[in-house]
file entry.csv (CSV, C-alpha atoms)
chain,number,residue,atom,x,y,z
A,1,MET,CA,6.3,-21.5,-16.8
A,2,ARG,CA,6.7,-20.2,-13.3
A,3,MET,CA,8.6,-23.3,-12.3
A,4,LEU,CA,10.9,-23.0,-15.3
A,5,LEU,CA,11.6,-19.4,-14.4
A,6,ASP,CA,12.3,-20.3,-10.8
A,7,LEU,CA,14.9,-22.8,-12.0
A,8,LEU,CA,16.6,-20.3,-14.3
A,9,ILE,CA,16.2,-17.3,-12.0
A,10,PRO,CA,15.4,-18.4,-8.5
A,11,LEU,CA,12.8,-16.1,-6.8
A,12,THR,CA,14.0,-14.8,-3.5
A,13,CYS,CA,12.7,-12.3,-0.9
A,14,ALA,CA,14.1,-8.8,-1.6
A,15,GLY,CA,14.4,-8.2,2.1
A,16,CYS,CA,16.1,-11.3,3.4
A,17,GLY,CA,16.8,-13.7,0.6
A,18,GLU,CA,14.2,-16.4,1.6
A,19,PRO,CA,13.6,-18.5,-1.5
A,20,GLY,CA,10.3,-18.9,-3.2
A,21,THR,CA,8.8,-15.4,-2.7
A,22,SER,CA,9.6,-11.9,-3.7
A,23,TRP,CA,8.6,-10.5,-0.2
A,24,CYS,CA,8.2,-12.7,2.8
A,25,THR,CA,5.8,-12.3,5.7
A,26,ARG,CA,8.6,-11.5,8.2
A,27,CYS,CA,9.9,-8.7,6.0
A,28,ALA,CA,6.4,-7.5,5.4
A,29,ALA,CA,6.0,-7.0,9.1
A,30,THR,CA,8.8,-4.5,9.1
A,31,LEU,CA,6.5,-2.1,7.0
A,32,VAL,CA,3.7,-2.2,9.5
A,33,GLY,CA,3.4,1.1,11.4
A,34,LEU,CA,3.7,4.8,11.0
A,35,ARG,CA,6.2,7.3,12.4
A,36,ALA,CA,6.4,11.1,12.2
A,37,VAL,CA,9.4,12.4,10.4
A,38,GLU,CA,10.7,15.7,11.8
A,39,ARG,CA,12.9,17.8,9.4
A,40,SER,CA,13.6,21.5,9.5
A,41,ALA,CA,12.8,21.7,5.8
A,42,THR,CA,9.3,20.3,6.2
A,43,LYS,CA,7.8,22.7,8.8
A,44,GLY,CA,4.1,23.1,8.0
A,45,VAL,CA,3.9,19.8,6.1
A,46,PRO,CA,3.0,16.6,7.9
A,47,VAL,CA,5.6,14.0,6.9
A,48,LEU,CA,5.3,10.4,8.0
A,49,ALA,CA,7.0,7.1,7.0
A,50,LEU,CA,6.3,3.4,7.6
A,51,THR,CA,9.7,2.6,9.0
A,52,ALA,CA,13.4,3.6,9.3
A,53,TYR,CA,15.5,3.3,6.2
A,54,GLY,CA,17.5,0.1,6.9
A,55,GLY,CA,17.2,-3.6,6.9
A,56,PRO,CA,14.6,-5.3,4.7
A,57,ALA,CA,12.9,-2.0,3.9
A,58,ARG,CA,16.1,-0.5,2.5
A,59,ARG,CA,17.0,-3.7,0.5
A,60,ALA,CA,13.5,-3.8,-0.9
A,61,ILE,CA,13.4,-0.2,-2.0
A,62,ILE,CA,16.8,-0.5,-3.7
A,63,ALA,CA,15.8,-3.7,-5.4
A,64,TYR,CA,12.6,-2.1,-6.7
A,65,LYS,CA,14.3,1.1,-7.9
A,66,GLU,CA,17.6,-0.1,-9.1
A,67,ARG,CA,17.5,-3.9,-9.7
A,68,ASN,CA,14.3,-4.2,-11.8
A,69,ARG,CA,12.3,-6.0,-9.1
A,70,ARG,CA,9.1,-4.4,-10.4
A,71,ALA,CA,6.8,-6.9,-8.6
A,72,LEU,CA,7.8,-5.1,-5.3
A,73,ALA,CA,5.5,-2.2,-6.2
A,74,GLU,CA,2.6,-4.4,-5.0
A,75,PRO,CA,3.8,-5.0,-1.4
A,76,LEU,CA,5.2,-1.5,-1.0
A,77,GLY,CA,1.9,0.0,-2.3
A,78,ARG,CA,-0.2,-2.3,-0.1
A,79,ALA,CA,1.9,-1.4,3.0
A,80,LEU,CA,1.3,2.3,2.3
A,81,ALA,CA,-2.4,1.8,1.8
A,82,ALA,CA,-2.6,-0.2,5.1
A,83,ALA,CA,-1.2,2.8,6.9
A,84,LEU,CA,-3.8,5.3,5.6
A,85,PRO,CA,-6.4,4.8,8.4
A,86,ASP,CA,-3.6,5.5,10.9
A,87,LEU,CA,-2.6,8.5,8.9
A,88,ALA,CA,-6.2,9.8,9.0
A,89,GLU,CA,-6.2,9.4,12.8
A,90,ARG,CA,-3.0,11.4,13.1
A,91,VAL,CA,-3.6,14.1,10.6
A,92,PRO,CA,-7.0,15.8,11.0
A,93,ALA,CA,-6.8,17.3,7.5
A,94,VAL,CA,-6.6,13.8,6.0
A,95,ARG,CA,-9.5,12.6,8.2
A,96,ALA,CA,-11.7,15.5,7.2
A,97,ALA,CA,-10.9,15.2,3.5
A,98,CYS,CA,-11.4,11.5,3.3
A,99,PRO,CA,-13.5,10.1,6.1
A,100,GLY,CA,-13.9,6.9,4.2
A,101,LEU,CA,-10.4,5.8,5.2
A,102,ALA,CA,-11.7,4.8,8.6
A,103,THR,CA,-13.7,2.0,6.9
A,104,LEU,CA,-10.4,0.4,5.6
A,105,SER,CA,-9.4,-0.3,9.2
A,106,GLY,CA,-12.7,-1.9,10.1
A,107,LYS,CA,-13.5,0.9,12.6
A,108,SER,CA,-16.7,1.7,10.8
A,109,ALA,CA,-18.5,0.4,7.8
A,110,PRO,CA,-20.5,2.0,5.0
A,111,SER,CA,-24.2,1.5,4.7
A,112,PRO,CA,-25.0,-1.3,2.2
A,113,GLY,CA,-25.8,0.1,-1.2
A,114,VAL,CA,-25.0,3.7,-0.3
A,115,ALA,CA,-22.1,5.2,-2.3
A,116,ARG,CA,-19.8,7.6,-0.6
A,117,VAL,CA,-19.8,11.1,-1.9
A,118,GLY,CA,-17.0,13.7,-2.0
A,119,ASP,CA,-13.9,14.4,-3.9
A,120,PRO,CA,-11.5,11.6,-4.6
A,121,LEU,CA,-8.2,11.4,-2.7
A,122,TRP,CA,-5.4,12.1,-5.1
A,123,PHE,CA,-2.0,10.5,-4.8
A,124,VAL,CA,0.9,12.4,-6.4
A,125,PRO,CA,4.2,10.4,-6.6
A,126,ALA,CA,7.4,12.3,-5.9
A,127,PRO,CA,9.3,12.7,-9.1
A,128,SER,CA,12.6,11.2,-10.4
A,129,SER,CA,15.0,12.7,-12.9
A,130,ARG,CA,14.4,11.9,-16.5
A,131,ALA,CA,17.7,9.9,-16.5
A,132,ALA,CA,16.6,7.8,-13.6
A,133,VAL,CA,13.2,7.1,-15.1
A,134,ARG,CA,14.9,5.9,-18.3
A,135,ARG,CA,17.3,3.8,-16.4
A,136,ARG,CA,14.6,2.2,-14.2
A,137,GLY,CA,12.2,1.6,-17.1
A,138,GLY,CA,9.5,3.9,-15.7
A,139,HIS,CA,8.5,6.1,-12.8
A,140,HIS,CA,8.9,3.8,-9.8
A,141,MET,CA,6.7,5.7,-7.4
A,142,ALA,CA,3.9,6.1,-9.9
A,143,GLY,CA,3.8,2.3,-9.9
A,144,VAL,CA,3.5,2.2,-6.1
A,145,ALA,CA,0.9,5.0,-6.2
A,146,GLU,CA,-1.3,2.9,-8.6
A,147,VAL,CA,-1.3,0.0,-6.2
A,148,VAL,CA,-2.3,2.3,-3.3
A,149,ALA,CA,-5.2,3.8,-5.3
A,150,ARG,CA,-6.3,0.4,-6.4
A,151,VAL,CA,-6.5,-0.9,-2.8
A,152,LEU,CA,-8.6,2.2,-1.8
A,153,VAL,CA,-11.0,1.8,-4.7
A,154,LEU,CA,-11.5,-1.9,-3.9
A,155,GLY,CA,-12.3,-0.8,-0.4
A,156,GLY,CA,-14.9,1.7,-1.6
A,157,VAL,CA,-12.8,4.9,-1.3
A,158,GLN,CA,-12.5,7.2,-4.2
A,159,ALA,CA,-8.8,7.6,-5.2
A,160,ARG,CA,-6.8,8.6,-8.2
A,161,VAL,CA,-3.2,9.0,-9.2
A,162,ALA,CA,-1.8,12.1,-10.7
A,163,PRO,CA,1.9,11.9,-11.6
A,164,VAL,CA,2.1,15.6,-12.3
A,165,LEU,CA,5.4,16.5,-10.5
A,166,LEU,CA,8.3,16.6,-12.9
A,167,LEU,CA,12.0,17.2,-12.7
A,168,ALA,CA,12.6,19.0,-16.0
A,169,GLY,CA,15.7,19.8,-17.9
A,170,ARG,CA,19.0,18.4,-16.7
A,171,ALA,CA,17.8,17.6,-13.1
A,172,ARG,CA,20.0,15.3,-11.2
A,173,ASP,CA,18.9,12.3,-9.1
A,174,SER,CA,18.8,13.3,-5.4
A,175,VAL,CA,20.9,10.3,-4.4
A,176,GLY,CA,24.3,11.6,-3.3
A,177,LEU,CA,23.4,15.3,-3.1
A,178,ASP,CA,23.7,17.2,0.2
A,179,VAL,CA,21.0,19.4,1.6
A,180,ALA,CA,22.1,22.5,-0.4
A,181,GLY,CA,22.5,20.5,-3.6
A,182,ARG,CA,19.0,19.0,-3.2
A,183,ARG,CA,17.4,22.3,-2.6
A,184,GLU,CA,19.2,23.9,-5.6
A,185,ASN,CA,18.3,20.9,-7.9
A,186,LEU,CA,14.7,21.1,-6.9
A,187,ALA,CA,14.4,24.9,-7.1
A,188,ARG,CA,15.8,24.9,-10.6
A,189,HIS,CA,14.0,21.9,-12.1
A,190,LEU,CA,10.8,20.9,-10.1
A,191,CYS,CA,7.6,21.8,-11.8
A,192,VAL,CA,3.9,20.8,-12.0
A,193,SER,CA,2.8,19.4,-15.4
A,194,GLY,CA,0.1,21.2,-17.2
A,195,ARG,CA,-1.7,18.0,-18.0
A,196,GLY,CA,-3.6,15.7,-15.6
A,197,VAL,CA,-3.5,18.1,-12.7
A,198,PRO,CA,-6.3,17.6,-10.1
A,199,PRO,CA,-8.9,20.3,-9.9
A,200,PRO,CA,-8.2,23.3,-7.7
A,201,GLY,CA,-8.5,22.6,-4.0
A,202,ALA,CA,-8.3,18.8,-4.5
A,203,PRO,CA,-7.0,16.8,-1.5
A,204,VAL,CA,-3.5,15.4,-2.3
A,205,LEU,CA,-1.1,13.0,-0.6
A,206,VAL,CA,2.4,13.0,-1.8
A,207,LEU,CA,4.0,9.5,-1.9
A,208,ASP,CA,7.8,9.0,-1.7
A,209,ASP,CA,10.1,6.1,-1.2
A,210,VAL,CA,12.6,7.6,1.2
A,211,VAL,CA,12.7,10.8,3.2
A,212,THR,CA,16.3,12.0,3.9
A,213,THR,CA,16.7,15.7,4.4
A,214,GLY,CA,13.1,16.5,3.7
A,215,SER,CA,14.0,18.8,0.9
A,216,THR,CA,12.1,16.8,-1.7
A,217,ALA,CA,9.0,16.5,0.5
A,218,ALA,CA,8.9,20.2,1.2
A,219,ALA,CA,9.5,21.2,-2.5
A,220,CYS,CA,6.8,18.8,-3.7
A,221,ALA,CA,4.3,20.1,-1.2
A,222,GLY,CA,5.2,23.7,-2.1
A,223,ALA,CA,4.9,23.2,-5.8
A,224,LEU,CA,1.5,21.5,-5.5
A,225,ARG,CA,0.2,24.1,-3.2
A,226,ALA,CA,1.3,26.9,-5.5
A,227,ALA,CA,-0.7,25.1,-8.2
A,228,GLY,CA,-3.8,25.5,-6.0
A,229,LEU,CA,-4.0,22.0,-4.6
A,230,SER,CA,-4.5,21.0,-0.9
A,231,VAL,CA,-1.5,19.0,0.2
A,232,LEU,CA,-2.6,17.1,3.3
A,233,ALA,CA,0.6,15.2,4.0
A,234,VAL,CA,3.7,13.4,2.6
A,235,LEU,CA,3.8,9.6,3.2
A,236,ALA,CA,6.9,7.6,2.5
A,237,CYS,CA,7.9,4.0,2.7
A,238,ALA,CA,10.9,4.8,4.9
A,239,ALA,CA,12.9,7.7,6.4
A,240,THR,CA,16.6,7.9,7.3
A,241,VAL,CA,17.3,8.2,11.0

call {"tool": "encode", "arguments": {"input": "entry.csv", "output": "structure tokens"}}
result
Amino acid sequence: MRMLLDLLIPLTCAGCGEPGTSWCTRCAATLVGLRAVERSATKGVPVLALTAYGGPARRAIIAYKERNRRALAEPLGRALAAALPDLAERVPAVRAACPGLATLSGKSAPSPGVARVGDPLWFVPAPSSRAAVRRRGGHHMAGVAEVVARVLVLGGVQARVAPVLLLAGRARDSVGLDVAGRRENLARHLCVSGRGVPPPGAPVLVLDDVVTTGSTAAACAGALRAAGLSVLAVLACAATV
């Protein structure tokens, strides 16, 4: 069946077009690393991204969001998961809330047969407008967050996903909005769902695809903190330069 599909719809890398794979090793290497993202809107909230928004990363994110390349949730999620030990090194609050992240990098190892204790690390995907979710056939960052959580659980770290941030009403997608427009859109429509919210004080990482002005990152962190959650950082696949 795979061979027949490849004949009808040839599989190519979303980053460079290499045939036979959805995401090649060369493009995967562009998502290795972690950089701090400085924005005036995000003071008080650590924001980090894997890479700059351009090249293979940009093409992959667009393909995943807008061209129905749903299989790209896997490499994007795995890349974010691979960056978490580095995130814990850079952000003391992350390291304190989830010391088990160090084991994912091989720097330390759990004792055989001894389960880790503590609260799970919660991943909250940044929201999309209802129109965007319908157009894309689902919440794209929720799919990525599920991959990140699965990688952690397989590594012995407690992790859960809580897609509780919503853009209610007639919220617009942030693409194309300037700084003022993004802030107004978020102020009017961003809310925390009453269902599935992590317990008060739970450690949370917000996951996003692209950080541009930082308005979305700041608004998400603010809404979750107002709901009583401990937002440790915002982690994105890419950030504009």

call {"tool": "closest_residue", "arguments": {"input": "entry.csv", "among": "A:Thr103, A:Ser129, A:Ser193, A:Thr51", "to": "Asp209 (chain A)", "atoms": "all atoms listed in the file"}}
result
A:Thr51

call {"tool": "closest_residue", "arguments": {"input": "entry.csv", "among": "A:Leu87, A:Ala217, A:Ile62, A:Val153", "to": "Leu34 (chain A)", "atoms": "all atoms listed in the file"}}
result
A:Leu87

call {"tool": "closest_residue", "arguments": {"input": "entry.csv", "among": "A:Ser22, A:Ser128, A:Thr12, A:Thr216", "to": "Ala168 (chain A)", "atoms": "only C-alpha atoms"}}
result
A:Ser128

call {"tool": "residues_near_point", "arguments": {"input": "entry.csv", "point": "(-10.3, 22.1, -9.2)", "cutoff": "12 Å", "atoms": "all atoms listed in the file", "output": "PDB file with C-alpha atoms, in the coordinates of the input"}}
result
ATOM      1  CA  ASP A 119     -13.900  14.400  -3.900  1.00  0.00           C
ATOM      2  CA  PRO A 120     -11.500  11.600  -4.600  1.00  0.00           C
ATOM      3  CA  TRP A 122      -5.400  12.100  -5.100  1.00  0.00           C
ATOM      4  CA  GLY A 196      -3.600  15.700 -15.600  1.00  0.00           C
ATOM      5  CA  VAL A 197      -3.500  18.100 -12.700  1.00  0.00           C
ATOM      6  CA  PRO A 198      -6.300  17.600 -10.100  1.00  0.00           C
ATOM      7  CA  PRO A 199      -8.900  20.300  -9.900  1.00  0.00           C
ATOM      8  CA  PRO A 200      -8.200  23.300  -7.700  1.00  0.00           C
ATOM      9  CA  GLY A 201      -8.500  22.600  -4.000  1.00  0.00           C
ATOM     10  CA  ALA A 202      -8.300  18.800  -4.500  1.00  0.00           C
ATOM     11  CA  PRO A 203      -7.000  16.800  -1.500  1.00  0.00           C
ATOM     12  CA  VAL A 204      -3.500  15.400  -2.300  1.00  0.00           C
ATOM     13  CA  ALA A 227      -0.700  25.100  -8.200  1.00  0.00           C
ATOM     14  CA  GLY A 228      -3.800  25.500  -6.000  1.00  0.00           C
ATOM     15  CA  LEU A 229      -4.000  22.000  -4.600  1.00  0.00           C
ATOM     16  CA  SER A 230      -4.500  21.000  -0.900  1.00  0.00           C
TER      17      SER A 230
END

call {"tool": "closest_residue", "arguments": {"input": "entry.csv", "among": "A:Pro75, A:Gly100, A:Gly194, A:Pro85", "to": "Glu146 (chain A)", "atoms": "all atoms listed in the file"}}
result
A:Pro75

call {"tool": "closest_residue", "arguments": {"input": "entry.csv", "among": "A:Leu121, A:Val144, A:Val91, A:Ala57", "to": "Gly156 (chain A)", "atoms": "all atoms listed in the file"}}
result
A:Leu121

call {"tool": "closest_residue", "arguments": {"input": "entry.csv", "among": "A:Val151, A:Gly77, A:Val206, A:Arg90", "to": "Arg35 (chain A)", "atoms": "all atoms listed in the file"}}
result
A:Arg90

call {"tool": "atom_distance", "arguments": {"input": "entry.csv", "atom1": "CA of Ser215 (chain A)", "atom2": "CA of Leu50 (chain A)"}}
result
18.5 Å

call {"tool": "atom_distance", "arguments": {"input": "entry.csv", "atom1": "CA of Arg78 (chain A)", "atom2": "CA of Val148 (chain A)"}}
result
6.0 Å

call {"tool": "residues_around", "arguments": {"input": "entry.csv", "residues": "His189 (chain A)", "least_positions_apart": "2", "cutoff": "6 Å", "atoms": "only C-alpha atoms", "output": "ChimeraX atom specification"}}
result
/A:167-168,171,186-187

call {"tool": "residues_around", "arguments": {"input": "entry.csv", "residues": "Arg70 (chain A)", "least_positions_apart": "5", "cutoff": "10 Å", "atoms": "only C-alpha atoms", "output": "list in words"}}
result
Ala63, Tyr64, Lys65, Arg136, Gly137, Gly138, His140, Gly143 and Val144 of chain A

call {"tool": "atom_distance", "arguments": {"input": "entry.csv", "atom1": "CA of Ala236 (chain A)", "atom2": "CA of Glu18 (chain A)"}}
result
25.1 Å

call {"tool": "residues_around", "arguments": {"input": "entry.csv", "residues": "Leu165 (chain A)", "least_positions_apart": "5", "cutoff": "8 Å", "atoms": "all atoms listed in the file", "output": "number ranges by chain"}}
result
A: 124-127, 190-193, 220
